[in-house]
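Report on the structure given below.
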Number of protein chains: 2
Amino acid sequence: MNYLEEKILTDGKIINEDILKVDSFLNHQIDPKTIRETAKLIVSRFPKADKVLTIETSGIVIAYAVSELMGDIPVVFAKKSKSAINDGSNVYTAEIKSFTRNTVSTVTVDRRFISEGENILIVDDFLAEGNAALGLIDIVKQGKGNVIGMSAAIEKFFQGGHEKIEAMGIPVYCPASIKGFKDKKVIF
Amino acid sequence: MNYLEEKILTDGKIINEDILKVDSFLNHQIDPKTIRETAKLIVSRFPKADKVLTIETSGIVIAYAVSELMGDIPVVFAKKSKSAINDGSNVYTAEIKSFTRNTVSTVTVDRRFISEGENILIVDDFLAEGNAALGLIDIVKQGKGNVIGMSAAIEKFFQGGHEKIEAMGIPVYCPASIKGFKDKKVIF
């Protein structure tokens, strides 16, 4: 059992049959050691990329830690709302449905930050139905980049995202792969 | 001139007399070296804390890098919107006006993540009028924590946030302190 899996067992909370709450160490309060150990696992599977692409908010620190281990490659995070600074004309966009929030949001990446032929690793905190990942993959394609893999810290394998992305020929690796919840316990 | 100041001069873009765009290295695409060098400067001024508090989105990586240098203390980020997971009853809240977006948003921190007597360093990407920082200070006070200092990577000193916070007895340090923009150039 790896560091992240142990942390989930000790500090994660199962809210219902679909939702695991990890806000004490991953997506509200952050435990730096858990982030770093998770990044090490991701880099052991995907050792090399030109860029890490993630989406705000909780994927960003993991993407940053991955980048540090890869020798400080650039990290880009897709934005969920438009700033007054950005007039919207120079961005790639995708529509993403949020599983936990039950909303659809438009995410954007400035065209300057995806280049043709760039090898891009997609990183996030959670992989469930795969909607965020599919949106990011679409954005990379719009910029003619090459998605070399997708890694979320935690996946709920039973929600189908993993298989959907692999069916597109993109390798998927998640350090904590949850097969299901049984009697309020996590089954890896 | 420090690493961040040099980066601002080479890669920052002045949009108008109020707005400096740093999205190629700080708040859309992230340059890990700039983050780490900035964190080193912050820790040289504030070497010790029990916790780092920031606000989503762009402050999080800086807060994380600061935490690593302080020995992996917990990082907490205030959230700008409520997740379906959180019913709102167990959070501290503050209203924050965004300078660049011209909006008012409610930010929340779960009560579990601010403890009485905890020494908390507030970290963010930008300090301008100080609205985000004042909201975070208010949240720490609600939790009876102790704000030991406020550090933003970049401050627009002329917009008054720095002086407002120091007047409350809280030390402020920003590695890149901008006095103004003149002829489309940054004056530190």
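In the structure tokens, chains take the letters A, B, ... in the order shown, each chain's residues start at 1, and ligands count up from 1 in the order shown.
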Give chain B as an mmCIF file with C-alpha atoms, in the first residue's frame once it has been least-squares superposed onto chain A over every C-alpha atom, paired in order.
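Below is the file selection_3.cif, written as the result:
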```
data_model
loop_
_atom_site.group_PDB
_atom_site.id
_atom_site.type_symbol
_atom_site.label_atom_id
_atom_site.label_comp_id
_atom_site.auth_asym_id
_atom_site.auth_seq_id
_atom_site.Cartn_x
_atom_site.Cartn_y
_atom_site.Cartn_z
ATOM 1 C CA MET B 1 0.003 0.011 0.035
ATOM 2 C CA ASN B 2 1.472 3.387 -0.956
ATOM 3 C CA TYR B 3 1.574 6.606 1.073
ATOM 4 C CA LEU B 4 -1.540 8.117 -0.521
ATOM 5 C CA GLU B 5 -3.595 4.944 -0.063
ATOM 6 C CA GLU B 6 -2.625 4.810 3.617
ATOM 7 C CA LYS B 7 -3.555 8.476 4.020
ATOM 8 C CA ILE B 8 -6.965 7.840 2.449
ATOM 9 C CA LEU B 9 -7.614 4.979 4.864
ATOM 10 C CA THR B 10 -6.611 6.998 7.930
ATOM 11 C CA ASP B 11 -7.930 10.475 7.034
ATOM 12 C CA GLY B 12 -10.443 10.085 4.187
ATOM 13 C CA LYS B 13 -14.143 10.130 4.923
ATOM 14 C CA ILE B 14 -16.772 8.297 2.921
ATOM 15 C CA ILE B 15 -19.798 10.579 2.633
ATOM 16 C CA ASN B 16 -21.983 8.252 0.596
ATOM 17 C CA GLU B 17 -21.492 5.475 -1.936
ATOM 18 C CA ASP B 18 -20.072 7.921 -4.483
ATOM 19 C CA ILE B 19 -18.173 10.569 -2.551
ATOM 20 C CA LEU B 20 -14.884 10.312 -0.682
ATOM 21 C CA LYS B 21 -13.976 13.429 1.280
ATOM 22 C CA VAL B 22 -10.241 14.142 1.391
ATOM 23 C CA ASP B 23 -10.376 17.784 2.402
ATOM 24 C CA SER B 24 -8.059 17.353 5.383
ATOM 25 C CA PHE B 25 -5.046 16.530 3.182
ATOM 26 C CA LEU B 26 -5.777 17.049 -0.518
ATOM 27 C CA ASN B 27 -8.364 19.602 -1.582
ATOM 28 C CA HIS B 28 -8.935 22.171 1.148
ATOM 29 C CA GLN B 29 -6.211 21.567 3.689
ATOM 30 C CA ILE B 30 -3.119 20.209 1.921
ATOM 31 C CA ASP B 31 -0.556 17.873 3.434
ATOM 32 C CA PRO B 32 2.658 18.614 1.491
ATOM 33 C CA LYS B 33 4.168 15.183 2.146
ATOM 34 C CA THR B 34 1.128 13.455 0.654
ATOM 35 C CA ILE B 35 1.385 15.681 -2.424
ATOM 36 C CA ARG B 36 5.090 14.954 -2.867
ATOM 37 C CA GLU B 37 4.768 11.191 -2.364
ATOM 38 C CA THR B 38 1.879 11.129 -4.837
ATOM 39 C CA ALA B 39 3.915 13.098 -7.376
ATOM 40 C CA LYS B 40 6.781 10.606 -7.024
ATOM 41 C CA LEU B 41 4.435 7.753 -7.917
ATOM 42 C CA ILE B 42 3.101 9.654 -10.943
ATOM 43 C CA VAL B 43 6.625 10.417 -12.183
ATOM 44 C CA SER B 44 7.667 6.787 -11.724
ATOM 45 C CA ARG B 45 4.959 5.904 -14.277
ATOM 46 C CA PHE B 46 5.353 8.967 -16.537
ATOM 47 C CA PRO B 47 8.992 10.087 -16.164
ATOM 48 C CA LYS B 48 9.112 12.664 -18.939
ATOM 49 C CA ALA B 49 6.942 15.345 -20.550
ATOM 50 C CA ASP B 50 7.289 18.827 -22.001
ATOM 51 C CA LYS B 51 4.461 20.275 -19.937
ATOM 52 C CA VAL B 52 1.962 19.367 -17.225
ATOM 53 C CA LEU B 53 -1.650 20.410 -17.782
ATOM 54 C CA THR B 54 -4.174 20.496 -14.950
ATOM 55 C CA ILE B 55 -7.338 22.319 -13.993
ATOM 56 C CA GLU B 56 -8.027 24.601 -11.086
ATOM 57 C CA THR B 57 -8.086 24.167 -8.195
ATOM 58 C CA SER B 58 -6.876 21.073 -6.396
ATOM 59 C CA GLY B 59 -4.868 19.570 -9.255
ATOM 60 C CA ILE B 60 -2.432 22.470 -9.300
ATOM 61 C CA VAL B 61 -0.174 21.527 -6.377
ATOM 62 C CA ILE B 62 0.083 17.945 -7.591
ATOM 63 C CA ALA B 63 0.970 19.167 -11.090
ATOM 64 C CA TYR B 64 3.550 21.514 -9.573
ATOM 65 C CA ALA B 65 5.141 18.716 -7.518
ATOM 66 C CA VAL B 66 5.251 16.494 -10.634
ATOM 67 C CA SER B 67 6.903 19.297 -12.597
ATOM 68 C CA GLU B 68 9.585 19.792 -9.935
ATOM 69 C CA LEU B 69 10.474 16.084 -10.134
ATOM 70 C CA MET B 70 10.649 16.321 -13.941
ATOM 71 C CA GLY B 71 13.108 19.219 -13.762
ATOM 72 C CA ASP B 72 10.839 22.255 -13.602
ATOM 73 C CA ILE B 73 8.857 21.885 -16.808
ATOM 74 C CA PRO B 74 6.024 24.428 -17.191
ATOM 75 C CA VAL B 75 2.679 23.774 -15.495
ATOM 76 C CA VAL B 76 -0.502 25.106 -17.092
ATOM 77 C CA PHE B 77 -3.846 25.122 -15.352
ATOM 78 C CA ALA B 78 -7.123 25.468 -17.218
ATOM 79 C CA LYS B 79 -9.285 28.230 -15.772
ATOM 80 C CA LYS B 80 -12.888 27.779 -14.779
ATOM 81 C CA SER B 81 -14.015 31.371 -15.169
ATOM 82 C CA LYS B 82 -13.002 34.246 -17.340
ATOM 83 C CA SER B 83 -11.037 37.066 -15.792
ATOM 84 C CA ALA B 84 -11.727 40.630 -16.877
ATOM 85 C CA ILE B 85 -8.152 40.601 -18.171
ATOM 86 C CA ASN B 86 -8.953 37.926 -20.746
ATOM 87 C CA ASP B 87 -11.309 38.868 -23.555
ATOM 88 C CA GLY B 88 -11.921 35.240 -24.543
ATOM 89 C CA SER B 89 -10.729 35.475 -28.126
ATOM 90 C CA ASN B 90 -7.363 33.833 -27.673
ATOM 91 C CA VAL B 91 -8.301 30.767 -25.680
ATOM 92 C CA TYR B 92 -9.111 27.130 -26.267
ATOM 93 C CA THR B 93 -12.309 26.158 -24.458
ATOM 94 C CA ALA B 94 -14.071 22.999 -23.308
ATOM 95 C CA GLU B 95 -17.309 22.326 -21.449
ATOM 96 C CA ILE B 96 -16.869 20.254 -18.289
ATOM 97 C CA LYS B 97 -19.534 18.709 -16.104
ATOM 98 C CA SER B 98 -18.580 18.532 -12.439
ATOM 99 C CA PHE B 99 -19.521 15.312 -10.718
ATOM 100 C CA THR B 100 -19.573 16.662 -7.149
ATOM 101 C CA ARG B 101 -21.021 20.093 -7.921
ATOM 102 C CA ASN B 102 -23.557 18.996 -10.519
ATOM 103 C CA THR B 103 -22.749 21.974 -12.738
ATOM 104 C CA VAL B 104 -21.402 22.509 -16.230
ATOM 105 C CA SER B 105 -18.577 24.998 -16.552
ATOM 106 C CA THR B 106 -16.536 26.377 -19.397
ATOM 107 C CA VAL B 107 -12.806 26.006 -18.933
ATOM 108 C CA THR B 108 -10.220 27.885 -20.923
ATOM 109 C CA VAL B 109 -6.515 27.706 -21.734
ATOM 110 C CA ASP B 110 -4.732 30.551 -23.458
ATOM 111 C CA ARG B 111 -3.560 29.505 -26.934
ATOM 112 C CA ARG B 112 -0.007 30.610 -26.118
ATOM 113 C CA PHE B 113 0.334 27.784 -23.606
ATOM 114 C CA ILE B 114 -0.322 24.753 -25.816
ATOM 115 C CA SER B 115 2.097 24.290 -28.707
ATOM 116 C CA GLU B 116 1.966 21.946 -31.681
ATOM 117 C CA GLY B 117 3.732 18.647 -31.022
ATOM 118 C CA GLU B 118 4.238 19.331 -27.298
ATOM 119 C CA ASN B 119 4.133 16.207 -25.118
ATOM 120 C CA ILE B 120 1.670 16.934 -22.357
ATOM 121 C CA LEU B 121 0.898 14.985 -19.186
ATOM 122 C CA ILE B 122 -2.536 15.676 -17.729
ATOM 123 C CA VAL B 123 -2.674 15.669 -13.915
ATOM 124 C CA ASP B 124 -5.624 16.131 -11.578
ATOM 125 C CA ASP B 125 -6.702 15.340 -8.034
ATOM 126 C CA PHE B 126 -9.659 13.092 -8.908
ATOM 127 C CA LEU B 127 -10.701 10.937 -11.847
ATOM 128 C CA ALA B 128 -14.315 9.786 -11.706
ATOM 129 C CA GLU B 129 -16.486 9.903 -14.829
ATOM 130 C CA GLY B 130 -13.565 11.515 -16.630
ATOM 131 C CA ASN B 131 -15.299 14.723 -17.666
ATOM 132 C CA ALA B 132 -12.524 17.087 -16.599
ATOM 133 C CA ALA B 133 -9.871 14.888 -18.211
ATOM 134 C CA LEU B 134 -11.850 14.632 -21.472
ATOM 135 C CA GLY B 135 -12.170 18.420 -21.550
ATOM 136 C CA LEU B 136 -8.416 18.842 -21.042
ATOM 137 C CA ILE B 137 -7.656 16.231 -23.720
ATOM 138 C CA ASP B 138 -9.905 18.152 -26.092
ATOM 139 C CA ILE B 139 -8.068 21.392 -25.323
ATOM 140 C CA VAL B 140 -4.678 19.767 -26.001
ATOM 141 C CA LYS B 141 -6.007 18.485 -29.338
ATOM 142 C CA GLN B 142 -7.232 21.963 -30.259
ATOM 143 C CA GLY B 143 -3.654 23.152 -29.749
ATOM 144 C CA LYS B 144 -2.277 20.160 -31.726
ATOM 145 C CA GLY B 145 -0.408 18.937 -28.664
ATOM 146 C CA ASN B 146 0.156 15.284 -27.787
ATOM 147 C CA VAL B 147 -1.357 13.841 -24.590
ATOM 148 C CA ILE B 148 1.190 11.302 -23.314
ATOM 149 C CA GLY B 149 -0.855 10.218 -20.307
ATOM 150 C CA MET B 150 -3.395 11.053 -17.631
ATOM 151 C CA SER B 151 -2.714 10.778 -13.925
ATOM 152 C CA ALA B 152 -5.085 11.647 -11.114
ATOM 153 C CA ALA B 153 -4.034 11.189 -7.509
ATOM 154 C CA ILE B 154 -7.236 9.278 -6.744
ATOM 155 C CA GLU B 155 -9.591 7.537 -9.136
ATOM 156 C CA LYS B 156 -12.998 6.064 -8.532
ATOM 157 C CA PHE B 157 -12.431 3.317 -11.087
ATOM 158 C CA PHE B 158 -16.056 2.167 -10.970
ATOM 159 C CA GLN B 159 -17.252 5.475 -12.432
ATOM 160 C CA GLY B 160 -15.753 4.708 -15.832
ATOM 161 C CA GLY B 161 -13.384 7.599 -16.547
ATOM 162 C CA HIS B 162 -10.277 5.407 -16.610
ATOM 163 C CA GLU B 163 -11.661 3.062 -19.276
ATOM 164 C CA LYS B 164 -13.058 5.907 -21.377
ATOM 165 C CA ILE B 165 -9.655 7.600 -21.583
ATOM 166 C CA GLU B 166 -7.706 4.395 -22.183
ATOM 167 C CA ALA B 167 -10.098 3.596 -25.034
ATOM 168 C CA MET B 168 -8.772 6.758 -26.695
ATOM 169 C CA GLY B 169 -5.267 5.279 -26.610
ATOM 170 C CA ILE B 170 -4.115 7.430 -23.681
ATOM 171 C CA PRO B 171 -2.418 5.606 -20.784
ATOM 172 C CA VAL B 172 -3.983 6.268 -17.374
ATOM 173 C CA TYR B 173 -2.310 5.833 -13.983
ATOM 174 C CA CYS B 174 -3.754 6.794 -10.601
ATOM 175 C CA PRO B 175 -1.712 6.106 -7.446
ATOM 176 C CA ALA B 176 -4.910 5.434 -5.458
ATOM 177 C CA SER B 177 -7.364 3.431 -7.536
ATOM 178 C CA ILE B 178 -10.629 2.848 -5.726
ATOM 179 C CA LYS B 179 -12.650 -0.151 -6.862
ATOM 180 C CA GLY B 180 -15.573 0.651 -4.619
ATOM 181 C CA PHE B 181 -16.837 1.507 -1.151
ATOM 182 C CA LYS B 182 -18.085 -1.330 1.045
ATOM 183 C CA ASP B 183 -19.518 -0.918 4.565
ATOM 184 C CA LYS B 184 -18.174 2.656 4.640
ATOM 185 C CA LYS B 185 -14.687 1.362 3.792
ATOM 186 C CA VAL B 186 -12.520 2.018 0.739
ATOM 187 C CA ILE B 187 -11.680 -0.986 -1.427
ATOM 188 C CA PHE B 188 -8.516 -0.490 -3.531
#
```
Original post:
segment 101-180 of chain A: which residues are strand (DSSP E) by DSSP, as an MDAnalysis selection string?
Top reply: chainID A and resid 103:110 119:127 146:156 176:178 180
**OP:** Could you find all residues in segment 33-159 of chain A that DSSP calls alpha helix (DSSP H) from the backbone, and write them as JSON, numbers by chain?
**Re:** {"A": [33, 34, 35, 36, 37, 38, 39, 40, 41, 42, 43, 44, 45, 59, 60, 61, 62, 63, 64, 65, 66, 67, 68, 69, 131, 132, 133, 134, 135, 136, 137, 138, 139, 140, 141, 142]}
